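Read through the structure below, which is laid out as structure tokens, and then see the notes.
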Amino acid sequence: MNANLRHESVLLEEAVAALNLEPESIVIDATFGRGGHSTKVLEQLGENGRLIAIDKDPAAIEFANQNFGNDKRFTIEHCTFAEIAQVANKYDVNGKVSAILMDLGVSSPQLDEAERGFSFSKDGPLDMRMDSSRGTSAAQWIAKAKESEIKSVLRDFGEEKQAGRIARKIVSVREEQPITRTLQLAKIIEEVIPKRHDMKKHPATRSFQAIRIFINNELGDLAAGLEDAFSILKVGGRLVIISFHSLEDRIVKRFFKRLSKGDDFPKDLPVRADELKPKLSLVGKPFKPTELEVDDNVRSRSAIMRVAEKL
Ligand SMILES: C[S@@+](CC[C@H](N)C(=O)[O-])C[C@H]1O[C@@H](n2cnc3c(N)ncnc32)[C@H](O)[C@@H]1O
């Protein structure tokens, strides 16, 4: 595990500006990664400010301890951000948090290091766990999952039109030999969807994304994390979420919409808008990276940032 590979932060200036920090703010960076956003946050905090970081990935924790460990304003917890409320309780900041950032998905070091097993273009063990210290690896899952389950994962989390054919192929190959390597799986998928020169993406892109989302319970963590992040914010606190695909963004958008609309009353009740008690207000329109940023960092291409403030 190499904790020193670089990660180019996406929407760095925009996200930190949206956190609306003051020198004494208590901030949670729920997806520390390699601390690009955390570094900028610390630059804006004074001596009495506080930054609590979270990451699932032991390599991110190791990097944080090596590079941020001497800053008394900083601490990091190795857990999922679905446990953000427990983290807030541990540090006695529940209801006092000024700003929370979630920069979702995987970091460049996770994608770039073959050993982590996220990449369909570098050979490595078929792992894909962000938290490599626990849980089920992609290889272990693929060895046991029913064909119907593989199909649903590929279809629901990858929007893969060939989900059924790929699932069938996986199940027939694994009867002959275990599927344990990333390039082995990529090749199996290529046998179902042959590579054509006019294809913008590798044929395994969607399937790898789907398996990664499933193995890391990314959408479940996000739904739980958003609810609890909102609950631990103080009034006036900001929630800043950067998503990288439509499934994530849909969850964020619906969550923000539900809380900014306020209480649910039966449609026929005559309720005035000010009686609906919205719980948060949307700040600005969804942000996307500039063309310049996308040219510089291709991984920012699909990013979308939404910002809300607790009322
Ligand atoms: C896109 S990177 C964040 C990069 C970071 N903002 C930076 O500038 O260096 C996403 C990070 O969030 C972590 N992560 C993703 N989902 C998580 C979750 N549910 N709980 C905790 N960490 C998570 C990943 O392990 C990864 O390190």
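Just remember, in the structure tokens the first chain shown is A, the second B, etc., residues are 1-based per chain, and ligands are 1-based in the order shown.
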
Item to check | Within 6 Å of ligand 1, counting only C-alpha atoms and all ligand atoms, residues as a ChimeraX atom specification | outcome: /A:7,9,31-37,54-57,60,79-81,103-107,130,218,221

Checklist entry - Could you pull out all residues of segment 106-247 of chain A with a DSSP call of helix (DSSP H, G or I) and give them as a PyMOL selection string? => result chain A and resi 108-112+114-116+138-144+147-158+163-176+182-192+205-215+218-232+246-247

Counting only C-alpha atoms, what are the residues of segment 225-265 of chain A within 9 Å of segment 298-311 of chain A, and for each of them which pair of atoms is the nearest and at what distance in Å, to one decimal? Sort the table by chain and rising number, as a tab-separated table.
```
residue	atom	partner	partner_atom	distance
A:Phe230	CA	A:Lys310	CA	7.3
A:Leu233	CA	A:Lys310	CA	7.1
A:Lys234	CA	A:Lys310	CA	7.1
A:Val235	CA	A:Lys310	CA	5.2
A:Gly236	CA	A:Lys310	CA	5.1
A:Gly237	CA	A:Lys310	CA	5.4
A:Arg238	CA	A:Glu309	CA	4.5
A:Leu239	CA	A:Ala308	CA	5.3
A:Val240	CA	A:Val307	CA	4.6
A:Ile241	CA	A:Arg306	CA	5.4
A:Ile242	CA	A:Met305	CA	4.3
A:Ser243	CA	A:Ile304	CA	5.4
A:Phe244	CA	A:Ala303	CA	4.6
A:His245	CA	A:Ser302	CA	6.5
A:Ser246	CA	A:Ser302	CA	8.9
A:Asp249	CA	A:Ile304	CA	7.5
A:Val252	CA	A:Arg306	CA	7.7
A:Lys253	CA	A:Arg306	CA	7.8
A:Phe256	CA	A:Ala308	CA	7.2
A:Ser260	CA	A:Ala308	CA	8.7
```

Near segment 166-184 of chain A, 7 Å: segment 13-123 of chain A residue rows, closest pairs, only C-alpha atoms, as CSV:
```
residue,atom,partner,partner_atom,distance
A:Gly117,CA,A:Thr182,CA,6.1
A:Ser119,CA,A:Thr182,CA,6.7
A:Phe120,CA,A:Thr182,CA,5.6
A:Ser121,CA,A:Leu183,CA,6.7
A:Lys122,CA,A:Leu183,CA,6.8
A:Asp123,CA,A:Leu183,CA,5.2
```

Give me a file of those residues, with all heavy atoms, as a compact mmCIF listing (two decimals), in the first residue's frame.
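See part-v8.txt below for the written result:
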```txt
# COMPACT_ATOMS: atom_id res chain seq x y z
N GLY A 117 -6.97 -3.10 -6.82
CA GLY A 117 -7.94 -3.87 -7.60
C GLY A 117 -9.13 -3.09 -8.12
O GLY A 117 -10.19 -3.67 -8.39
N SER A 119 -8.84 -1.07 -10.92
CA SER A 119 -8.60 -0.64 -12.29
C SER A 119 -8.74 -1.79 -13.29
O SER A 119 -8.18 -2.87 -13.08
CB SER A 119 -7.18 -0.07 -12.38
OG SER A 119 -6.84 0.15 -13.71
N PHE A 120 -9.46 -1.52 -14.39
CA PHE A 120 -9.57 -2.56 -15.42
C PHE A 120 -8.41 -2.47 -16.41
O PHE A 120 -8.33 -3.24 -17.35
CB PHE A 120 -10.91 -2.46 -16.18
CG PHE A 120 -11.23 -1.08 -16.66
CD1 PHE A 120 -10.58 -0.54 -17.76
CD2 PHE A 120 -12.17 -0.31 -16.00
CE1 PHE A 120 -10.86 0.73 -18.20
CE2 PHE A 120 -12.45 0.97 -16.43
CZ PHE A 120 -11.80 1.50 -17.53
N SER A 121 -7.51 -1.51 -16.20
CA SER A 121 -6.39 -1.41 -17.14
C SER A 121 -5.04 -1.77 -16.51
O SER A 121 -4.03 -1.74 -17.18
CB SER A 121 -6.34 0.00 -17.73
OG SER A 121 -6.24 0.93 -16.70
N LYS A 122 -5.06 -2.08 -15.20
CA LYS A 122 -3.79 -2.50 -14.56
C LYS A 122 -4.06 -3.81 -13.84
O LYS A 122 -5.06 -3.93 -13.14
CB LYS A 122 -3.39 -1.47 -13.48
CG LYS A 122 -3.04 -0.12 -14.01
CD LYS A 122 -2.44 0.72 -12.87
CE LYS A 122 -2.10 2.10 -13.34
NZ LYS A 122 -3.27 2.98 -13.40
N ASP A 123 -3.17 -4.78 -14.02
CA ASP A 123 -3.46 -6.07 -13.40
C ASP A 123 -3.19 -6.06 -11.91
O ASP A 123 -2.14 -5.61 -11.44
CB ASP A 123 -2.63 -7.18 -14.07
CG ASP A 123 -3.20 -8.55 -13.69
OD1 ASP A 123 -4.44 -8.64 -13.54
OD2 ASP A 123 -2.42 -9.49 -13.52
```

Next on the checklist: Restricting the calculation to only C-alpha atoms: of A:Val27, A:Val294, A:Ile215, A:Ala85, which residue gets closest to Gly135 of chain A?
Outcome noted: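 The closest residue to Gly135 of chain A is A:Ile215.
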
Next on the checklist: DSSP on the backbone, strand (DSSP E or B) only: what residues of segment 46-198 of chain A does that give? Format it as a PyMOL selection string.
Outcome noted: chain A and resi 50-55+74-78+97-103+125+181

Would you mind exporting the chosen residues as a short mmCIF file (atom, residue, chain, number, x, y, z; two decimals), in the first residue's frame, restricted to all heavy atoms?
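part-v3.cif written:
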```cif
data_model
loop_
_atom_site.label_atom_id
_atom_site.label_comp_id
_atom_site.auth_asym_id
_atom_site.auth_seq_id
_atom_site.Cartn_x
_atom_site.Cartn_y
_atom_site.Cartn_z
N ARG A 50 -11.27 23.82 14.26
CA ARG A 50 -11.06 22.39 14.42
C ARG A 50 -11.47 21.65 13.16
O ARG A 50 -12.52 21.95 12.58
CB ARG A 50 -11.96 21.96 15.57
CG ARG A 50 -11.76 20.58 16.00
CD ARG A 50 -11.97 20.55 17.49
NE ARG A 50 -11.75 19.22 17.95
CZ ARG A 50 -12.35 18.71 19.00
NH1 ARG A 50 -13.18 19.45 19.69
NH2 ARG A 50 -12.08 17.49 19.37
N LEU A 51 -10.66 20.70 12.73
CA LEU A 51 -10.99 19.89 11.56
C LEU A 51 -10.95 18.41 11.94
O LEU A 51 -9.90 17.90 12.35
CB LEU A 51 -10.00 20.16 10.42
CG LEU A 51 -10.13 19.26 9.19
CD1 LEU A 51 -11.52 19.36 8.55
CD2 LEU A 51 -9.07 19.61 8.14
N ILE A 52 -12.12 17.77 11.82
CA ILE A 52 -12.19 16.33 12.07
C ILE A 52 -12.35 15.67 10.70
O ILE A 52 -13.25 16.03 9.95
CB ILE A 52 -13.40 15.99 12.98
CG1 ILE A 52 -13.28 16.72 14.31
CG2 ILE A 52 -13.49 14.48 13.20
CD1 ILE A 52 -14.56 16.74 15.14
N ALA A 53 -11.45 14.76 10.40
CA ALA A 53 -11.51 14.10 9.09
C ALA A 53 -11.94 12.64 9.28
O ALA A 53 -11.81 12.07 10.37
CB ALA A 53 -10.15 14.16 8.41
N ILE A 54 -12.49 12.09 8.21
CA ILE A 54 -12.93 10.69 8.20
C ILE A 54 -12.46 10.08 6.88
O ILE A 54 -12.46 10.75 5.85
CB ILE A 54 -14.48 10.62 8.24
CG1 ILE A 54 -15.02 11.15 9.59
CG2 ILE A 54 -15.00 9.20 7.97
CD1 ILE A 54 -16.55 11.24 9.65
N ASP A 55 -12.05 8.84 6.90
CA ASP A 55 -11.88 8.09 5.65
C ASP A 55 -11.96 6.60 5.97
O ASP A 55 -11.54 6.16 7.05
CB ASP A 55 -10.56 8.41 4.94
CG ASP A 55 -10.66 8.18 3.43
OD1 ASP A 55 -10.82 7.00 3.01
OD2 ASP A 55 -10.61 9.15 2.67
N PHE A 74 -6.29 19.21 14.09
CA PHE A 74 -6.70 18.13 13.18
C PHE A 74 -6.76 16.77 13.87
O PHE A 74 -5.89 16.43 14.66
CB PHE A 74 -5.68 18.06 12.03
CG PHE A 74 -5.95 16.96 11.05
CD1 PHE A 74 -6.83 17.14 10.00
CD2 PHE A 74 -5.32 15.72 11.17
CE1 PHE A 74 -7.10 16.11 9.08
CE2 PHE A 74 -5.56 14.69 10.27
CZ PHE A 74 -6.45 14.90 9.22
N THR A 75 -7.82 16.00 13.57
CA THR A 75 -7.86 14.59 13.97
C THR A 75 -8.50 13.81 12.82
O THR A 75 -9.28 14.37 12.05
CB THR A 75 -8.77 14.31 15.19
OG1 THR A 75 -9.85 15.21 15.17
CG2 THR A 75 -8.04 14.31 16.48
N ILE A 76 -8.22 12.51 12.76
CA ILE A 76 -8.86 11.69 11.71
C ILE A 76 -9.38 10.39 12.31
O ILE A 76 -8.78 9.84 13.24
CB ILE A 76 -7.90 11.43 10.52
CG1 ILE A 76 -8.66 10.72 9.38
CG2 ILE A 76 -6.66 10.65 10.91
CD1 ILE A 76 -8.07 10.95 7.99
N GLU A 77 -10.51 9.94 11.80
CA GLU A 77 -11.14 8.69 12.24
C GLU A 77 -11.23 7.72 11.07
O GLU A 77 -11.64 8.12 9.97
CB GLU A 77 -12.56 8.97 12.73
CG GLU A 77 -12.62 9.68 14.05
CD GLU A 77 -12.17 8.81 15.22
OE1 GLU A 77 -12.58 7.64 15.30
OE2 GLU A 77 -11.38 9.33 16.04
N HIS A 78 -10.86 6.48 11.34
CA HIS A 78 -10.96 5.44 10.31
C HIS A 78 -12.33 4.78 10.42
O HIS A 78 -12.54 3.89 11.25
CB HIS A 78 -9.85 4.41 10.51
CG HIS A 78 -9.90 3.31 9.50
ND1 HIS A 78 -9.58 2.01 9.76
CD2 HIS A 78 -10.27 3.34 8.20
CE1 HIS A 78 -9.74 1.27 8.68
NE2 HIS A 78 -10.16 2.07 7.71
N VAL A 97 -21.32 21.67 14.54
CA VAL A 97 -20.48 21.60 13.34
C VAL A 97 -20.88 22.69 12.35
O VAL A 97 -22.05 22.85 12.02
CB VAL A 97 -20.59 20.19 12.69
CG1 VAL A 97 -19.76 20.11 11.43
CG2 VAL A 97 -20.18 19.11 13.69
N SER A 98 -19.90 23.47 11.88
CA SER A 98 -20.17 24.59 10.96
C SER A 98 -20.22 24.17 9.50
O SER A 98 -20.85 24.84 8.69
CB SER A 98 -19.06 25.64 11.04
OG SER A 98 -18.68 25.88 12.34
N ALA A 99 -19.51 23.10 9.16
CA ALA A 99 -19.42 22.76 7.74
C ALA A 99 -18.97 21.31 7.58
O ALA A 99 -18.11 20.84 8.32
CB ALA A 99 -18.42 23.67 7.04
N ILE A 100 -19.60 20.63 6.61
CA ILE A 100 -19.23 19.24 6.31
C ILE A 100 -19.02 19.11 4.80
O ILE A 100 -19.84 19.56 4.01
CB ILE A 100 -20.34 18.26 6.76
CG1 ILE A 100 -20.54 18.36 8.28
CG2 ILE A 100 -19.99 16.82 6.35
CD1 ILE A 100 -21.72 17.56 8.82
N LEU A 101 -17.90 18.49 4.44
CA LEU A 101 -17.60 18.24 3.02
C LEU A 101 -17.61 16.74 2.75
O LEU A 101 -17.01 15.97 3.51
CB LEU A 101 -16.22 18.81 2.68
CG LEU A 101 -15.69 18.45 1.28
CD1 LEU A 101 -16.53 19.12 0.19
CD2 LEU A 101 -14.23 18.86 1.13
N MET A 102 -18.30 16.34 1.68
CA MET A 102 -18.18 14.96 1.17
C MET A 102 -17.78 15.04 -0.30
O MET A 102 -18.55 15.55 -1.12
CB MET A 102 -19.52 14.22 1.26
CG MET A 102 -19.95 13.92 2.66
SD MET A 102 -21.51 12.98 2.61
CE MET A 102 -21.88 12.93 4.35
N ASP A 103 -16.57 14.58 -0.59
CA ASP A 103 -16.05 14.55 -1.96
C ASP A 103 -16.04 13.07 -2.32
O ASP A 103 -15.10 12.35 -1.99
CB ASP A 103 -14.64 15.17 -1.92
CG ASP A 103 -13.92 15.10 -3.24
OD1 ASP A 103 -14.57 14.90 -4.28
OD2 ASP A 103 -12.67 15.25 -3.23
N PRO A 125 -4.99 -7.86 -7.86
CA PRO A 125 -6.01 -8.72 -7.26
C PRO A 125 -7.37 -8.03 -7.36
O PRO A 125 -7.45 -6.81 -7.21
CB PRO A 125 -5.55 -8.84 -5.80
CG PRO A 125 -4.64 -7.68 -5.57
CD PRO A 125 -4.03 -7.32 -6.88
N ARG A 181 -8.38 -11.80 -10.70
CA ARG A 181 -7.55 -10.67 -11.14
C ARG A 181 -8.40 -9.66 -11.91
O ARG A 181 -9.37 -10.02 -12.58
CB ARG A 181 -6.41 -11.14 -12.06
CG ARG A 181 -5.58 -12.28 -11.55
CD ARG A 181 -4.67 -11.91 -10.42
NE ARG A 181 -3.70 -10.88 -10.76
CZ ARG A 181 -2.83 -10.36 -9.87
NH1 ARG A 181 -2.84 -10.77 -8.60
NH2 ARG A 181 -1.99 -9.44 -10.22
#
```

Close residues, Lys72 of chain A itself excluded, 12 Å, only C-alpha atoms, min 6 positions apart in chain, as a short mmCIF file (atom, residue, chain, number, x, y, z; two decimals) with all heavy atoms, in the first residue's frame:
```cif
data_model
loop_
_atom_site.label_atom_id
_atom_site.label_comp_id
_atom_site.auth_asym_id
_atom_site.auth_seq_id
_atom_site.Cartn_x
_atom_site.Cartn_y
_atom_site.Cartn_z
N LEU A 42 -7.65 24.00 6.60
CA LEU A 42 -6.76 24.37 7.72
C LEU A 42 -6.14 25.76 7.49
O LEU A 42 -5.93 26.50 8.45
CB LEU A 42 -5.67 23.31 7.91
CG LEU A 42 -6.18 22.01 8.55
CD1 LEU A 42 -5.14 20.89 8.43
CD2 LEU A 42 -6.56 22.21 10.02
N LEU A 45 -8.64 28.17 8.87
CA LEU A 45 -9.01 28.11 10.28
C LEU A 45 -7.96 28.80 11.14
O LEU A 45 -6.77 28.75 10.84
CB LEU A 45 -9.16 26.65 10.74
CG LEU A 45 -10.29 25.83 10.12
CD1 LEU A 45 -10.31 24.43 10.72
CD2 LEU A 45 -11.64 26.52 10.32
N GLY A 46 -8.42 29.42 12.22
CA GLY A 46 -7.48 30.01 13.17
C GLY A 46 -7.06 28.95 14.19
O GLY A 46 -7.40 27.77 14.06
N GLU A 47 -6.36 29.43 15.23
CA GLU A 47 -5.84 28.53 16.27
C GLU A 47 -6.93 27.69 16.95
O GLU A 47 -6.70 26.56 17.35
CB GLU A 47 -5.22 29.38 17.37
CG GLU A 47 -3.73 29.35 17.44
CD GLU A 47 -3.31 30.29 18.55
OE1 GLU A 47 -3.45 29.90 19.72
OE2 GLU A 47 -2.87 31.42 18.22
N ASN A 48 -8.12 28.30 17.09
CA ASN A 48 -9.19 27.60 17.80
C ASN A 48 -10.18 26.89 16.88
O ASN A 48 -11.19 26.38 17.35
CB ASN A 48 -9.95 28.57 18.71
CG ASN A 48 -9.01 29.11 19.78
OD1 ASN A 48 -8.19 28.36 20.31
ND2 ASN A 48 -9.09 30.40 20.05
N GLY A 49 -9.89 26.90 15.60
CA GLY A 49 -10.73 26.13 14.68
C GLY A 49 -10.42 24.66 14.85
O GLY A 49 -9.45 24.28 15.51
N ARG A 50 -11.27 23.82 14.26
CA ARG A 50 -11.06 22.39 14.42
C ARG A 50 -11.47 21.65 13.16
O ARG A 50 -12.52 21.95 12.58
CB ARG A 50 -11.96 21.96 15.57
CG ARG A 50 -11.76 20.58 16.00
CD ARG A 50 -11.97 20.55 17.49
NE ARG A 50 -11.75 19.22 17.95
CZ ARG A 50 -12.35 18.71 19.00
NH1 ARG A 50 -13.18 19.45 19.69
NH2 ARG A 50 -12.08 17.49 19.37
N LEU A 51 -10.66 20.70 12.73
CA LEU A 51 -10.99 19.89 11.56
C LEU A 51 -10.95 18.41 11.94
O LEU A 51 -9.90 17.90 12.35
CB LEU A 51 -10.00 20.16 10.42
CG LEU A 51 -10.13 19.26 9.19
CD1 LEU A 51 -11.52 19.36 8.55
CD2 LEU A 51 -9.07 19.61 8.14
N ILE A 52 -12.12 17.77 11.82
CA ILE A 52 -12.19 16.33 12.07
C ILE A 52 -12.35 15.67 10.70
O ILE A 52 -13.25 16.03 9.95
CB ILE A 52 -13.40 15.99 12.98
CG1 ILE A 52 -13.28 16.72 14.31
CG2 ILE A 52 -13.49 14.48 13.20
CD1 ILE A 52 -14.56 16.74 15.14
N ASN A 65 -1.91 10.72 9.15
CA ASN A 65 -1.09 10.70 10.36
C ASN A 65 0.32 11.17 10.08
O ASN A 65 0.92 11.89 10.88
CB ASN A 65 -1.10 9.30 11.00
CG ASN A 65 -2.46 9.01 11.63
OD1 ASN A 65 -3.16 9.93 12.09
ND2 ASN A 65 -2.86 7.75 11.64
#
```

Next on the checklist: For Asp228 of chain A, find every residue with an atom within 10 Å (counting only C-alpha atoms), except residues of its own chain fewer than 4 positions away, and show them as an MDAnalysis selection string.
Outcome noted: chainID A and resid 81:86 88 222:224 232:233

Can I get the selected residues back with C-alpha atoms, as an mmCIF file, in the first residue's frame?
```cif
data_model
loop_
_atom_site.group_PDB
_atom_site.id
_atom_site.type_symbol
_atom_site.label_atom_id
_atom_site.label_comp_id
_atom_site.auth_asym_id
_atom_site.auth_seq_id
_atom_site.Cartn_x
_atom_site.Cartn_y
_atom_site.Cartn_z
ATOM 1 C CA PHE A 81 -19.057 8.588 6.996
ATOM 2 C CA ALA A 82 -22.313 6.712 7.622
ATOM 3 C CA GLU A 83 -20.962 6.832 11.218
ATOM 4 C CA ILE A 84 -20.498 10.605 11.180
ATOM 5 C CA ALA A 85 -22.913 11.099 14.103
ATOM 6 C CA GLN A 86 -20.894 8.717 16.313
ATOM 7 C CA ALA A 88 -19.417 13.935 16.274
ATOM 8 C CA LEU A 222 -24.339 8.141 1.207
ATOM 9 C CA ALA A 223 -28.032 8.015 2.127
ATOM 10 C CA ALA A 224 -27.230 7.326 5.795
ATOM 11 C CA ILE A 232 -25.061 17.161 13.513
ATOM 12 C CA LEU A 233 -24.758 20.551 11.738
#
```

Checklist entry - Can you tell me, as a ChimeraX atom specification, what residues are no more than 9 Å from Thr136 of chain A when counting only C-alpha atoms, ignoring any on the same chain fewer than 6 positions away? => result /A:127,129,215-216

Item to check | Residues within 9 Å of Leu219 of chain A, only C-alpha atoms, excluding chain neighbours under 4 positions, as a ChimeraX atom specification | outcome: /A:213-214,223-224,247-248,251

Restricting the output to all heavy atoms, write the selected residues as a CSV table (one decimal), in the first residue's frame.
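What follows is the written file result.csv:
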```csv
chain,number,residue,atom,x,y,z
A,213,ILE,N,-19.3,0.1,-6.5
A,213,ILE,CA,-20.3,0.8,-5.8
A,213,ILE,C,-21.0,-0.3,-4.8
A,213,ILE,O,-21.2,0.0,-3.6
A,213,ILE,CB,-21.4,1.4,-6.7
A,213,ILE,CG1,-20.8,2.6,-7.4
A,213,ILE,CG2,-22.7,1.8,-6.0
A,213,ILE,CD1,-21.7,3.2,-8.5
A,214,PHE,N,-21.2,-1.5,-5.3
A,214,PHE,CA,-21.8,-2.5,-4.5
A,214,PHE,C,-20.9,-3.0,-3.4
A,214,PHE,O,-21.3,-3.0,-2.2
A,214,PHE,CB,-22.2,-3.7,-5.4
A,214,PHE,CG,-22.6,-4.9,-4.6
A,214,PHE,CD1,-23.9,-4.9,-4.1
A,214,PHE,CD2,-21.8,-6.0,-4.4
A,214,PHE,CE1,-24.4,-6.0,-3.4
A,214,PHE,CE2,-22.2,-7.1,-3.7
A,214,PHE,CZ,-23.5,-7.1,-3.2
A,223,ALA,N,-26.7,7.7,1.6
A,223,ALA,CA,-28.0,8.0,2.1
A,223,ALA,C,-28.0,8.2,3.6
A,223,ALA,O,-28.5,9.2,4.2
A,223,ALA,CB,-29.0,6.9,1.7
A,224,ALA,N,-27.3,7.2,4.3
A,224,ALA,CA,-27.2,7.3,5.8
A,224,ALA,C,-26.4,8.5,6.2
A,224,ALA,O,-26.7,9.2,7.2
A,224,ALA,CB,-26.6,6.0,6.3
A,247,LEU,N,-26.1,8.3,-10.1
A,247,LEU,CA,-26.8,7.6,-9.1
A,247,LEU,C,-26.5,8.4,-7.7
A,247,LEU,O,-27.4,8.5,-6.9
A,247,LEU,CB,-26.3,6.2,-9.0
A,247,LEU,CG,-26.5,5.3,-10.2
A,247,LEU,CD1,-25.7,4.0,-10.0
A,247,LEU,CD2,-28.0,5.1,-10.4
A,248,GLU,N,-25.3,8.8,-7.5
A,248,GLU,CA,-24.9,9.6,-6.3
A,248,GLU,C,-25.7,10.9,-6.3
A,248,GLU,O,-26.3,11.3,-5.3
A,248,GLU,CB,-23.4,9.9,-6.3
A,248,GLU,CG,-22.5,8.9,-5.8
A,248,GLU,CD,-21.0,9.2,-6.0
A,248,GLU,OE1,-20.7,10.2,-6.7
A,248,GLU,OE2,-20.2,8.5,-5.5
A,251,ILE,N,-29.3,10.9,-5.3
A,251,ILE,CA,-29.5,10.8,-3.9
A,251,ILE,C,-29.4,12.2,-3.2
A,251,ILE,O,-30.2,12.6,-2.4
A,251,ILE,CB,-28.6,9.7,-3.3
A,251,ILE,CG1,-29.0,8.4,-3.8
A,251,ILE,CG2,-28.7,9.8,-1.8
A,251,ILE,CD1,-28.1,7.2,-3.4
```

Item to check | Given only C-alpha atoms as the counted atoms, nearest of A:Ala229, A:Leu111, A:Leu282, A:Val271 to Arg254 of chain A | outcome: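 Closest candidate: A:Leu282.
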
Item to check | Gap from atom CA of Met128 of chain A to atom CA of Lys195 of chain A - Å, one decimal | outcome: 23.1 Å
